[in-house]
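*Asks:* So I've got this file, input06.cif, and it contains mmCIF, C-alpha atoms and all ligand atoms:
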data_coords
loop_
_atom_site.label_atom_id
_atom_site.label_comp_id
_atom_site.auth_asym_id
_atom_site.auth_seq_id
_atom_site.Cartn_x
_atom_site.Cartn_y
_atom_site.Cartn_z
CA MET A 240 25.97 43.42 -116.43
CA SER A 241 28.19 40.63 -115.19
CA THR A 242 31.31 41.65 -113.29
CA SER A 243 32.48 38.06 -113.02
CA THR A 244 36.15 37.29 -113.45
CA THR A 245 35.94 33.54 -113.25
CA GLN A 246 38.99 31.69 -112.02
CA PRO A 247 41.58 30.61 -114.58
CA PRO A 248 43.76 27.62 -113.64
CA LEU A 249 46.48 28.39 -111.11
CA GLY A 250 49.74 29.65 -112.59
CA SER A 251 52.73 27.39 -112.07
CA ALA A 252 54.42 29.74 -109.54
CA SER A 253 51.24 29.78 -107.44
CA ALA A 254 50.80 26.02 -107.69
CA ALA A 255 54.42 25.41 -106.67
CA LEU A 256 54.11 27.70 -103.62
CA ILE A 257 50.86 26.12 -102.51
CA HIS A 258 52.50 22.73 -102.81
CA LYS A 259 55.37 23.92 -100.57
CA ALA A 260 52.92 25.38 -98.03
CA GLN A 261 51.12 22.07 -97.86
CA GLN A 262 54.45 20.34 -97.38
CA PHE A 263 56.01 22.63 -94.76
CA TYR A 264 53.24 24.24 -92.72
CA THR A 265 51.71 22.52 -89.72
CA LEU A 266 48.23 21.50 -90.74
CA ASN A 267 46.17 23.85 -88.55
CA TYR A 268 45.09 26.16 -91.41
CA LYS A 269 43.39 25.46 -94.71
CA PRO A 270 43.94 28.59 -96.81
CA ARG A 271 42.08 29.06 -100.06
CA GLU A 272 44.11 27.98 -103.06
CA MET A 273 45.65 31.17 -104.36
CA ILE A 274 48.70 33.21 -103.37
CA LEU A 275 47.84 36.80 -102.49
CA ASP A 276 50.62 39.01 -103.68
CA ARG A 277 49.72 42.68 -103.32
CA GLY A 278 46.93 44.99 -102.29
CA LYS A 279 45.73 48.55 -102.71
CA GLY A 280 42.74 49.96 -100.86
CA ALA A 281 40.04 47.30 -100.81
CA ARG A 282 41.55 45.36 -103.72
CA LEU A 283 43.90 42.42 -103.58
CA TYR A 284 45.75 40.74 -106.42
CA ASP A 285 47.08 37.22 -106.54
CA LEU A 286 50.34 36.05 -108.03
CA ASP A 287 48.53 35.32 -111.28
CA GLY A 288 47.29 38.92 -111.49
CA LYS A 289 43.66 38.21 -110.63
CA GLU A 290 41.84 40.99 -108.76
CA TYR A 291 39.71 40.42 -105.66
CA ILE A 292 37.50 42.88 -103.82
CA ASP A 293 38.38 42.45 -100.17
CA LEU A 294 35.25 42.16 -98.02
CA SER A 295 37.21 40.37 -95.29
CA SER A 296 40.02 42.76 -94.22
CA GLY A 297 42.14 39.82 -93.09
CA ILE A 298 39.42 39.07 -90.49
CA ALA A 299 38.67 42.64 -89.37
CA VAL A 300 42.33 43.67 -89.35
CA SER A 301 43.07 45.71 -92.48
CA SER A 302 40.37 48.23 -91.61
CA LEU A 303 42.01 50.95 -93.69
CA GLY A 304 42.57 48.63 -96.61
CA HIS A 305 45.97 47.86 -98.02
CA GLN A 306 48.87 50.29 -98.45
CA HIS A 307 47.15 53.25 -96.78
CA PRO A 308 49.54 56.17 -97.48
CA LYS A 309 49.43 57.58 -93.94
CA LEU A 310 50.14 54.18 -92.39
CA LEU A 311 52.96 53.59 -94.84
CA LYS A 312 54.43 56.96 -93.89
CA ALA A 313 54.23 56.16 -90.16
CA LEU A 314 55.77 52.75 -90.78
CA HIS A 315 58.62 54.13 -92.86
CA ARG A 316 59.32 56.99 -90.45
CA GLN A 317 59.56 54.74 -87.38
CA SER A 318 61.32 51.87 -89.12
CA ARG A 319 64.14 54.23 -90.06
CA LYS A 320 64.48 55.37 -86.44
CA LEU A 321 64.13 52.42 -84.08
CA TRP A 322 62.55 48.96 -84.32
CA HIS A 323 62.76 47.39 -80.93
CA THR A 324 64.05 47.95 -77.43
CA SER A 325 61.94 45.61 -75.20
CA ASN A 326 60.05 46.93 -72.20
CA VAL A 327 63.23 47.38 -70.22
CA PHE A 328 63.44 50.81 -71.87
CA TYR A 329 60.91 53.49 -72.79
CA THR A 330 60.29 54.58 -76.37
CA GLU A 331 57.95 57.32 -77.54
CA PRO A 332 55.35 55.64 -79.85
CA PRO A 333 53.81 53.21 -77.30
CA ILE A 334 53.55 55.99 -74.71
CA ARG A 335 51.68 58.19 -77.20
CA LEU A 336 49.52 55.22 -78.19
CA ALA A 337 48.57 54.42 -74.59
CA GLU A 338 47.72 58.08 -73.98
CA LYS A 339 45.51 58.16 -77.09
CA LEU A 340 43.70 54.93 -76.18
CA VAL A 341 42.97 56.23 -72.68
CA GLU A 342 41.64 59.48 -74.15
CA LEU A 343 39.47 57.77 -76.79
CA SER A 344 38.04 55.13 -74.47
CA GLY A 345 36.79 57.61 -71.91
CA PHE A 346 36.97 54.98 -69.14
CA ALA A 347 40.49 53.54 -69.16
CA ARG A 348 43.21 54.66 -66.77
CA ARG A 349 45.99 52.39 -67.99
CA VAL A 350 46.93 50.31 -71.01
CA TYR A 351 48.90 47.08 -71.39
CA LEU A 352 50.27 46.58 -74.91
CA CYS A 353 50.85 43.14 -76.42
CA ASN A 354 50.93 41.48 -79.84
CA SER A 355 47.54 39.90 -80.54
CA GLY A 356 43.97 39.49 -79.44
CA THR A 357 44.66 36.26 -77.65
CA GLU A 358 47.41 37.93 -75.67
CA ALA A 359 45.16 40.85 -74.76
CA ASN A 360 42.58 38.40 -73.41
CA GLU A 361 45.24 36.32 -71.68
CA ALA A 362 46.35 39.52 -69.91
CA ALA A 363 42.72 40.26 -68.99
CA ILE A 364 42.25 36.74 -67.58
CA LYS A 365 45.31 37.19 -65.38
CA LEU A 366 44.26 40.70 -64.40
CA VAL A 367 40.75 39.75 -63.26
CA ARG A 368 42.11 36.78 -61.30
CA LYS A 369 44.72 38.96 -59.59
CA TYR A 370 42.14 41.65 -58.88
CA ALA A 371 40.05 39.05 -57.06
CA ALA A 372 43.11 37.66 -55.27
CA ASP A 373 44.05 41.16 -54.10
CA LYS A 374 40.53 41.46 -52.66
CA GLY A 375 41.26 38.37 -50.55
CA ARG A 376 39.31 35.88 -52.63
CA ASP A 377 40.55 32.29 -52.68
CA PRO A 378 40.92 30.49 -56.05
CA ALA A 379 37.42 28.99 -55.77
CA HIS A 380 36.04 32.53 -55.87
CA ARG A 381 37.87 33.61 -59.03
CA GLU A 382 35.57 32.14 -61.64
CA ILE A 383 35.32 33.62 -65.13
CA ILE A 384 32.04 33.38 -67.04
CA SER A 385 31.82 33.53 -70.82
CA PHE A 386 29.02 32.92 -73.30
CA ALA A 387 28.15 30.08 -75.63
CA GLY A 388 29.29 31.07 -79.11
CA SER A 389 32.05 33.34 -77.84
CA PHE A 390 35.58 33.45 -79.18
CA HIS A 391 38.39 34.84 -77.08
CA GLY A 392 41.53 33.32 -78.59
CA ARG A 393 43.67 30.23 -78.82
CA THR A 394 46.20 30.08 -75.99
CA LEU A 395 45.17 27.57 -73.36
CA ALA A 396 43.49 30.07 -71.04
CA ALA A 397 41.96 32.17 -73.85
CA VAL A 398 40.65 29.08 -75.59
CA THR A 399 39.19 27.87 -72.30
CA ALA A 400 37.38 31.22 -72.03
CA THR A 401 36.11 30.54 -75.56
CA ALA A 402 32.84 28.77 -74.84
CA GLN A 403 32.82 26.52 -77.90
CA PRO A 404 33.66 22.85 -77.25
CA LYS A 405 35.05 22.34 -80.76
CA TYR A 406 38.04 24.53 -79.84
CA HIS A 407 38.71 22.57 -76.62
CA GLN A 408 38.69 19.03 -77.91
CA GLY A 409 42.01 17.27 -77.49
CA PHE A 410 43.59 20.05 -75.44
CA GLU A 411 42.32 18.87 -72.08
CA PRO A 412 43.12 19.19 -69.22
CA LEU A 413 41.93 22.79 -69.52
CA PRO A 414 42.72 25.32 -66.81
CA PRO A 415 40.02 25.38 -64.10
CA GLY A 416 37.88 28.33 -63.06
CA PHE A 417 36.00 28.93 -66.33
CA VAL A 418 32.25 28.46 -66.58
CA TYR A 419 29.95 28.94 -69.53
CA CYS A 420 26.57 30.54 -69.86
CA SER A 421 24.69 28.36 -72.33
CA LYS A 422 22.70 31.24 -73.81
CA PHE A 423 23.99 34.57 -75.11
CA ASN A 424 21.54 37.48 -74.81
CA ASP A 425 19.52 35.72 -72.11
CA GLU A 426 19.20 37.58 -68.82
CA ALA A 427 17.71 34.67 -66.88
CA ALA A 428 20.46 32.27 -67.97
CA ILE A 429 23.31 34.57 -66.97
CA SER A 430 21.79 35.84 -63.75
CA SER A 431 21.38 32.27 -62.49
CA MET A 432 25.13 31.74 -62.90
CA VAL A 433 26.55 34.87 -61.31
CA SER A 434 27.49 34.47 -57.66
CA ASP A 435 30.15 35.44 -55.14
CA LYS A 436 32.36 32.94 -56.98
CA THR A 437 32.32 35.11 -60.10
CA CYS A 438 35.35 37.33 -60.61
CA ALA A 439 34.59 38.43 -64.18
CA ILE A 440 32.25 38.15 -67.14
CA PHE A 441 33.85 38.20 -70.59
CA VAL A 442 31.59 39.33 -73.43
CA GLU A 443 31.85 40.33 -77.09
CA PRO A 444 29.52 43.23 -77.96
CA VAL A 445 28.97 41.46 -81.29
CA GLN A 446 29.95 37.81 -81.33
CA GLY A 447 32.10 37.46 -84.43
CA GLU A 448 33.31 33.89 -84.86
CA GLY A 449 30.07 32.74 -83.21
CA GLY A 450 27.98 33.89 -86.18
CA VAL A 451 27.89 37.74 -86.14
CA VAL A 452 25.43 37.99 -83.27
CA PRO A 453 25.07 41.45 -81.68
CA ALA A 454 24.35 41.73 -77.97
CA LYS A 455 20.72 42.77 -77.79
CA PRO A 456 20.03 46.34 -76.60
CA GLY A 457 20.36 46.56 -72.83
CA PHE A 458 22.20 43.25 -72.44
CA LEU A 459 25.61 44.77 -71.67
CA LYS A 460 23.93 47.09 -69.17
CA TYR A 461 22.40 44.06 -67.52
CA LEU A 462 25.81 42.39 -67.30
CA ARG A 463 27.22 45.59 -65.82
CA SER A 464 24.70 45.47 -63.01
CA LEU A 465 25.22 41.74 -62.38
CA CYS A 466 28.97 42.32 -62.07
CA ASP A 467 28.45 45.27 -59.72
CA ASN A 468 26.22 43.16 -57.47
CA VAL A 469 28.98 40.62 -56.77
CA GLY A 470 32.13 42.72 -57.13
CA ALA A 471 33.07 41.13 -60.45
CA LEU A 472 34.75 42.87 -63.38
CA LEU A 473 33.12 43.29 -66.79
CA VAL A 474 35.55 42.54 -69.60
CA VAL A 475 34.43 43.60 -73.07
CA ASP A 476 36.28 41.84 -75.88
CA GLU A 477 36.31 44.40 -78.70
CA ILE A 478 39.00 42.60 -80.63
CA GLN A 479 36.76 42.08 -83.65
CA ALA A 480 33.95 44.60 -83.08
CA GLY A 481 36.08 47.52 -81.93
CA MET A 482 38.13 50.22 -83.66
CA GLY A 483 35.22 51.78 -85.53
CA ARG A 484 33.88 48.61 -87.15
CA THR A 485 30.36 48.89 -85.75
CA GLY A 486 30.06 52.63 -86.42
CA THR A 487 31.56 53.92 -83.18
CA MET A 488 35.18 53.63 -82.11
CA PHE A 489 34.21 51.15 -79.38
CA ALA A 490 31.05 49.08 -79.70
CA TYR A 491 30.35 49.17 -75.93
CA THR A 492 29.61 52.91 -76.08
CA GLN A 493 26.45 52.11 -78.08
CA ASP A 494 25.07 50.43 -74.96
CA GLY A 495 25.98 53.30 -72.67
CA ILE A 496 28.05 51.20 -70.27
CA VAL A 497 31.36 51.72 -68.52
CA PRO A 498 33.39 48.49 -68.73
CA ASP A 499 36.22 47.58 -66.36
CA VAL A 500 38.47 46.11 -69.03
CA VAL A 501 38.41 46.28 -72.82
CA THR A 502 40.60 44.14 -75.06
CA LEU A 503 41.66 45.25 -78.54
CA ALA A 504 43.81 43.91 -81.36
CA LYS A 505 43.06 43.21 -85.04
CA ALA A 506 42.37 46.69 -86.53
CA LEU A 507 44.46 48.42 -83.87
CA GLY A 508 47.54 47.90 -86.05
CA CYS A 509 45.56 47.76 -89.32
CA GLY A 510 47.63 44.76 -90.39
CA LEU A 511 50.62 44.87 -88.08
CA PRO A 512 50.48 42.68 -84.98
CA ILE A 513 49.52 44.59 -81.86
CA GLY A 514 47.00 44.11 -79.07
CA ALA A 515 45.98 46.12 -76.05
CA MET A 516 44.21 45.70 -72.75
CA LEU A 517 42.55 48.89 -71.50
CA VAL A 518 41.97 48.95 -67.76
CA GLY A 519 39.49 51.16 -65.92
CA GLU A 520 39.87 52.68 -62.50
CA LYS A 521 38.93 49.66 -60.35
CA ALA A 522 41.72 47.42 -61.57
CA SER A 523 44.16 50.08 -62.70
CA GLU A 524 46.67 49.23 -59.96
CA THR A 525 46.21 45.44 -60.15
CA PHE A 526 49.19 44.75 -62.37
CA GLN A 527 52.32 45.68 -60.51
CA PHE A 528 55.97 45.37 -61.45
CA GLY A 529 56.53 41.77 -62.56
CA SER A 530 52.84 40.78 -62.79
CA HIS A 531 52.89 40.25 -66.53
CA GLY A 532 54.96 41.06 -69.60
CA SER A 533 55.87 40.53 -73.22
CA THR A 534 59.15 40.98 -75.05
CA PHE A 535 57.56 42.50 -78.16
CA GLY A 536 54.50 44.18 -76.58
CA GLY A 537 54.39 47.89 -77.37
CA ASN A 538 56.99 47.55 -80.08
CA PRO A 539 57.73 51.09 -81.38
CA VAL A 540 57.08 50.28 -85.05
CA MET A 541 53.69 48.65 -84.38
CA SER A 542 52.77 51.43 -81.97
CA ALA A 543 53.65 54.20 -84.43
CA VAL A 544 51.41 52.64 -87.07
CA ALA A 545 48.63 51.94 -84.55
CA LEU A 546 48.69 55.55 -83.37
CA GLU A 547 48.22 56.78 -86.93
CA ALA A 548 45.55 54.13 -87.56
CA ILE A 549 43.42 55.05 -84.56
CA LYS A 550 43.53 58.73 -85.44
CA ILE A 551 41.93 57.85 -88.79
CA LEU A 552 39.62 55.10 -87.49
CA SER A 553 38.17 57.42 -84.85
CA SER A 554 37.36 60.16 -87.38
CA LYS A 555 33.83 61.33 -88.12
CA GLN A 556 34.39 60.56 -91.79
CA ILE A 557 34.98 56.86 -91.04
CA SER A 558 32.04 56.52 -88.68
CA GLU A 559 29.70 58.21 -91.17
CA SER A 560 30.84 56.08 -94.07
CA VAL A 561 30.53 52.89 -91.96
CA GLN A 562 26.93 53.76 -91.21
CA GLU A 563 26.11 54.67 -94.81
CA ASN A 564 27.81 51.58 -96.19
CA HIS A 565 26.02 49.37 -93.67
CA ILE A 566 22.74 50.42 -95.24
CA ILE A 567 24.05 49.97 -98.78
CA MET A 568 25.36 46.48 -98.04
CA MET A 569 22.26 45.36 -96.17
CA ASN A 570 20.04 46.62 -99.02
CA MET A 571 22.08 44.84 -101.67
CA LEU A 572 22.19 41.59 -99.70
CA ASP A 573 18.48 41.89 -99.09
CA SER A 574 17.81 42.38 -102.79
CA PHE A 575 19.89 39.26 -103.61
CA ASN A 576 17.85 37.40 -101.05
CA ARG A 577 14.55 38.53 -102.53
CA GLU A 578 15.79 37.24 -105.86
CA LEU A 579 17.51 34.03 -104.69
CA ASP A 580 15.95 33.21 -101.30
CA MET A 581 19.12 31.81 -99.73
CA PHE A 582 19.40 33.65 -96.39
CA SER A 583 17.25 33.19 -93.33
CA GLU A 584 18.59 36.34 -91.65
CA LEU A 585 20.80 39.34 -92.35
CA ARG A 586 22.24 40.89 -89.21
CA GLY A 587 25.10 42.87 -87.75
CA ARG A 588 26.22 46.36 -86.95
CA GLY A 589 28.19 48.78 -89.09
CA LEU A 590 30.56 46.88 -91.36
CA MET A 591 30.30 43.65 -89.39
CA ILE A 592 27.55 41.83 -91.24
CA GLY A 593 26.40 38.23 -91.24
CA ALA A 594 24.10 36.43 -93.67
CA GLU A 595 22.74 33.23 -92.20
CA LEU A 596 22.01 30.56 -94.80
CA LYS A 597 18.59 28.97 -95.01
CA SER A 598 18.30 25.36 -93.91
CA THR A 599 18.56 24.12 -97.54
CA TYR A 600 22.09 25.57 -97.63
CA LYS A 601 23.10 24.58 -94.11
CA GLY A 602 26.80 23.79 -93.84
CA GLN A 603 27.56 25.39 -97.23
CA ALA A 604 29.04 28.75 -96.13
CA ASN A 605 32.60 27.66 -96.85
CA ALA A 606 31.74 26.32 -100.32
CA ILE A 607 29.93 29.57 -101.16
CA ALA A 608 32.83 31.68 -99.88
CA ASP A 609 35.21 29.67 -102.04
CA LEU A 610 33.02 30.15 -105.09
CA ALA A 611 32.87 33.88 -104.29
CA ARG A 612 36.66 33.92 -104.21
CA LYS A 613 36.72 32.35 -107.66
CA GLU A 614 34.34 35.11 -108.80
CA GLY A 615 36.76 37.74 -107.45
CA VAL A 616 35.47 38.71 -104.01
CA LEU A 617 36.84 37.66 -100.62
CA VAL A 618 34.25 36.97 -97.96
CA LEU A 619 34.50 35.12 -94.66
CA ILE A 620 32.39 32.61 -92.86
CA ALA A 621 31.35 32.53 -89.21
CA GLY A 622 30.71 28.86 -88.58
CA PRO A 623 29.32 26.55 -91.27
CA ASP A 624 26.07 28.44 -91.87
CA VAL A 625 26.93 32.14 -91.92
CA LEU A 626 28.64 34.29 -94.56
CA ARG A 627 30.51 37.10 -92.84
CA PHE A 628 31.40 40.48 -94.35
CA LEU A 629 34.09 42.64 -92.75
CA PRO A 630 35.23 45.06 -95.47
CA PRO A 631 37.79 47.78 -94.86
CA LEU A 632 36.07 50.74 -93.21
CA ASN A 633 37.27 53.06 -95.97
CA ILE A 634 35.96 50.90 -98.81
CA THR A 635 34.37 52.91 -101.62
CA LYS A 636 30.77 52.51 -102.73
CA LYS A 637 32.01 51.41 -106.14
CA GLU A 638 34.09 48.64 -104.55
CA ILE A 639 31.14 47.48 -102.43
CA ASN A 640 28.97 47.38 -105.52
CA ARG A 641 31.53 45.48 -107.55
CA GLY A 642 32.31 43.05 -104.72
CA LEU A 643 28.70 42.28 -103.92
CA LEU A 644 27.78 41.80 -107.59
CA ARG A 645 30.54 39.22 -107.74
CA LEU A 646 29.05 37.60 -104.65
CA ARG A 647 25.69 37.53 -106.40
CA ASN A 648 27.28 35.69 -109.33
CA ALA A 649 28.61 33.13 -106.88
CA LEU A 650 25.22 32.72 -105.20
CA VAL A 651 23.49 32.28 -108.56
CA LYS A 652 26.01 29.63 -109.62
CA PHE A 653 25.88 27.88 -106.27
CA LYS A 654 22.11 27.71 -106.38
CA ALA A 655 22.10 26.45 -109.97
CA ASP A 656 24.53 23.68 -108.99
CA MET A 657 22.24 22.52 -106.18
CA PRO A 658 19.27 21.30 -108.24
CA HIS A 659 17.13 20.41 -105.21
CA ALA A 660 17.51 24.00 -104.01
CA ALA A 661 16.76 25.79 -107.28
C1 LIG B 701 36.49 38.52 -80.39
C2 LIG B 701 37.85 37.95 -80.57
N1 LIG B 701 38.65 37.81 -79.50
C3 LIG B 701 39.89 37.31 -79.61
C4 LIG B 701 40.41 36.91 -80.82
C5 LIG B 701 41.79 36.35 -80.92
O1 LIG B 701 42.62 37.26 -81.55
P1 LIG B 701 44.02 36.81 -82.23
O2 LIG B 701 43.67 35.92 -83.36
O3 LIG B 701 44.65 38.12 -82.64
O4 LIG B 701 44.80 36.14 -81.20
C6 LIG B 701 39.61 37.01 -81.95
C7 LIG B 701 40.09 36.54 -83.28
O5 LIG B 701 39.35 36.23 -84.17
C8 LIG B 701 38.30 37.55 -81.84
O6 LIG B 701 37.50 37.67 -82.89
#
Translate this structure into structure tokens?
*Replies:*
Amino acid sequence: MSTSTTQPPLGSASAALIHKAQQFYTLNYKPREMILDRGKGARLYDLDGKEYIDLSSGIAVSSLGHQHPKLLKALHRQSRKLWHTSNVFYTEPPIRLAEKLVELSGFARRVYLCNSGTEANEAAIKLVRKYAADKGRDPAHREIISFAGSFHGRTLAAVTATAQPKYHQGFEPLPPGFVYCSKFNDEAAISSMVSDKTCAIFVEPVQGEGGVVPAKPGFLKYLRSLCDNVGALLVVDEIQAGMGRTGTMFAYTQDGIVPDVVTLAKALGCGLPIGAMLVGEKASETFQFGSHGSTFGGNPVMSAVALEAIKILSSKQISESVQENHIIMMNMLDSFNRELDMFSELRGRGLMIGAELKSTYKGQANAIADLARKEGVLVLIAGPDVLRFLPPLNITKKEINRGLLRLRNALVKFKADMPHAA
């Protein structure tokens, strides 16, 4: 049975808005050509009324789908009380949120709240540098190591920590003190780089933008020991992989390590902008009055929603359904592949799944994702060769089935339109 809802021409209201966007926005994004208008659960609807199954969650953000009733209630309750005070004054929601994050993490002593993933990493970059400075290290001994394929954000320091040259080009001079390990998941490569110059290693437990590449078992443990040998801090960037997405609240717990710093954002606010840096004992006193700050960080409305979100995201029900749905999605993708032979590898953890395209389809991930969108399912890409699936963690089995059947329609059409690949 086909579940296809092939794209009708854009309605005039949508076309007019897209035209305005193209006229008025800076040109750093290239959104797909529809106007999303409303959402419910794992479904989105555009201005022309077309339905999409959301297997993207706004890039791992809307982890409880759209319009979750408990989040709406938290939002409404706080928005009627108090929106903003700045960090010159205390309010209750961010205090409760920090307490809950400390409790859930099991390692953190303190929390710094900000507005995005980039800001959480920017805070971590400053923290690890200051930690080293407080230990008497000169600037030459405050080097940060990150891995090829990593993504840590877009501000100048965070993008410099992002070890992908394509994000650096044109923004030079980049801040000094960042070095890159050319191979992720390679003990020999990283151990040859760590020295008394190293003040921190930044690592994603599953590289997201870099192609959905999980750290291999034992790799984070290895990094932990390398850091301990030279007095460096281990910073785990859980901005994409955290908050229940890989089947546990924090992905690092699957490797049995104790990090020094963990950065969070994306699903922390389930759609509202908030980020956090969790700091373990070693560096818990590093930030002192005046070290760092943010006008909006820890905003009471964002914090109230985040507090509600993490209560749900850390529930047994979510972790069990993530694990079950991982198997369902992998099996369906595998069956499409047995039929269509388009993927060279299916990988990932929990509901963070990547399908790498075979060499015949190299560079075509974006075209396939756009065709999938026309068929009524939203999927992401991770680089030019990988389709990436990040559905809401509370997606139903029926929605997965419907969404992936629409993806299959797109794959079938794509293959048929590439005669040399058929
Ligand atoms: C692992 C990781 N770190 C940092 C960031 C940057 O987060 P933001 O876009 O909220 O600044 C991202 C965003 O994709 C990410 O995936």
*Asks:* Around all of ligand LIG 701 (chain B)'s listed atoms, make the axis-aligned box with 4 Å on each side and tell me centre and edge lengths in Å to one decimal, as JSON.
*Replies:*
{"center_x": 40.6, "center_y": 37.2, "center_z": -81.8, "size_x": 16.3, "size_y": 10.6, "size_z": 12.7}
*Asks:* Give the residues close to ligand LIG 701 (chain B), within 7 Å, counting only C-alpha atoms and all ligand atoms; write them as a PDB file with C-alpha atoms, keeping the file's coordinate frame.
*Replies:*
ATOM      1  CA  ILE A 298      39.420  39.070 -90.490  1.00  0.00           C
ATOM      2  CA  SER A 355      47.540  39.900 -80.540  1.00  0.00           C
ATOM      3  CA  GLY A 356      43.970  39.490 -79.440  1.00  0.00           C
ATOM      4  CA  THR A 357      44.660  36.260 -77.650  1.00  0.00           C
ATOM      5  CA  GLU A 358      47.410  37.930 -75.670  1.00  0.00           C
ATOM      6  CA  ASN A 360      42.580  38.400 -73.410  1.00  0.00           C
ATOM      7  CA  PHE A 390      35.580  33.450 -79.180  1.00  0.00           C
ATOM      8  CA  HIS A 391      38.390  34.840 -77.080  1.00  0.00           C
ATOM      9  CA  GLY A 392      41.530  33.320 -78.590  1.00  0.00           C
ATOM     10  CA  ARG A 393      43.670  30.230 -78.820  1.00  0.00           C
ATOM     11  CA  GLU A 443      31.850  40.330 -77.090  1.00  0.00           C
ATOM     12  CA  GLN A 446      29.950  37.810 -81.330  1.00  0.00           C
ATOM     13  CA  GLY A 447      32.100  37.460 -84.430  1.00  0.00           C
ATOM     14  CA  GLU A 448      33.310  33.890 -84.860  1.00  0.00           C
ATOM     15  CA  ASP A 476      36.280  41.840 -75.880  1.00  0.00           C
ATOM     16  CA  GLU A 477      36.310  44.400 -78.700  1.00  0.00           C
ATOM     17  CA  ILE A 478      39.000  42.600 -80.630  1.00  0.00           C
ATOM     18  CA  GLN A 479      36.760  42.080 -83.650  1.00  0.00           C
ATOM     19  CA  ALA A 504      43.810  43.910 -81.360  1.00  0.00           C
ATOM     20  CA  LYS A 505      43.060  43.210 -85.040  1.00  0.00           C
TER      21      LYS A 505
END
*Asks:* Pick out the closest residue to A:Gln403 from this set: A:Ile429, A:Met591, A:Val418, A:Leu249. Count all atoms listed in the file.
*Replies:*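 Closest to A:Gln403 of all the choices is A:Val418.
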*Asks:* Find, counting all atoms listed in the file, the residue in A:Ile364, A:Leu511, A:Met516, A:Met568 that gets nearest to A:Phe441.
*Replies:*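 Of A:Ile364, A:Leu511, A:Met516, A:Met568, the one nearest A:Phe441 is A:Ile364, counting all atoms listed in the file.
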*Asks:* Looking at all atoms listed in the file, which of A:Val433, A:Leu413, A:Ala313, A:Leu650 is the one that sits closest to A:Gly470?
*Replies:*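 Answer, going by the shortest atom-to-atom distance: A:Val433.
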*Asks:* At a cut-off of 9 Å around the point (32.8, 31.4, -55.3) (file coordinates), what residues fall inside when counting only C-alpha atoms? I'd like the answer as a PyMOL selection string.
*Replies:* chain A and resi 376-382+434-438
*Asks:* Quick one, how far is atom CA of A:Glu338 from atom CA of A:Leu546?
*Replies:*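 Separation between atom CA of A:Glu338 and atom CA of A:Leu546: 9.8 Å.
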*Asks:* Here is a test: counting only C-alpha atoms, which residue of A:Phe653, A:Phe628, A:Tyr600, A:Phe535 is nearest to A:Tyr351?
*Replies:*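 Comparing A:Phe653, A:Phe628, A:Tyr600, A:Phe535 against A:Tyr351, the winner is A:Phe535.
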*Asks:* With only C-alpha atoms as the basis for distance, which of A:Lys613, A:Arg645, A:Pro539, A:Met581 is at the shortest distance from A:Arg319?
*Replies:*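 Checking each of A:Lys613, A:Arg645, A:Pro539, A:Met581 against A:Arg319, counting only C-alpha atoms, the winner is A:Pro539.
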*Asks:* So what do you get for atom CA of A:Ser464 versus atom CA of A:Ala490, distance-wise?
*Replies:*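 Those two atoms sit 18.2 Å apart.
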*Asks:* Report the distance between atom CA of A:Gly622 and atom CA of A:Leu552 in Å, rounded to one decimal place.
*Replies:*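 Separation of atom CA of A:Gly622 and atom CA of A:Leu552: 27.7 Å.
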*Asks:* Check the smallest atom-to-atom distance from each of A:Lys654, A:Thr635, A:Gly278, A:Gly486 to A:Phe582 using only C-alpha atoms, then report the winner.
*Replies:*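 For A:Phe582, the nearest of the candidates is A:Lys654.
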*Asks:* Give me, as a ChimeraX atom specification, all polymer residues having an atom no more than 10 Å from stretch 554-560 of chain A, counting only C-alpha atoms and skipping those fewer than 6 positions away in the same chain.
*Replies:* /A:303,483-488,566,589-590,632-636
*Asks:* Residues at most 10 Å from A:Arg271, counting only C-alpha atoms, excluding those fewer than 6 positions away in the same chain, as a list in words?
*Replies:*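 With the cut-off at 10 Å, the set is Ile257, Ala608, Asp609, Arg612 and Lys613 of chain A.
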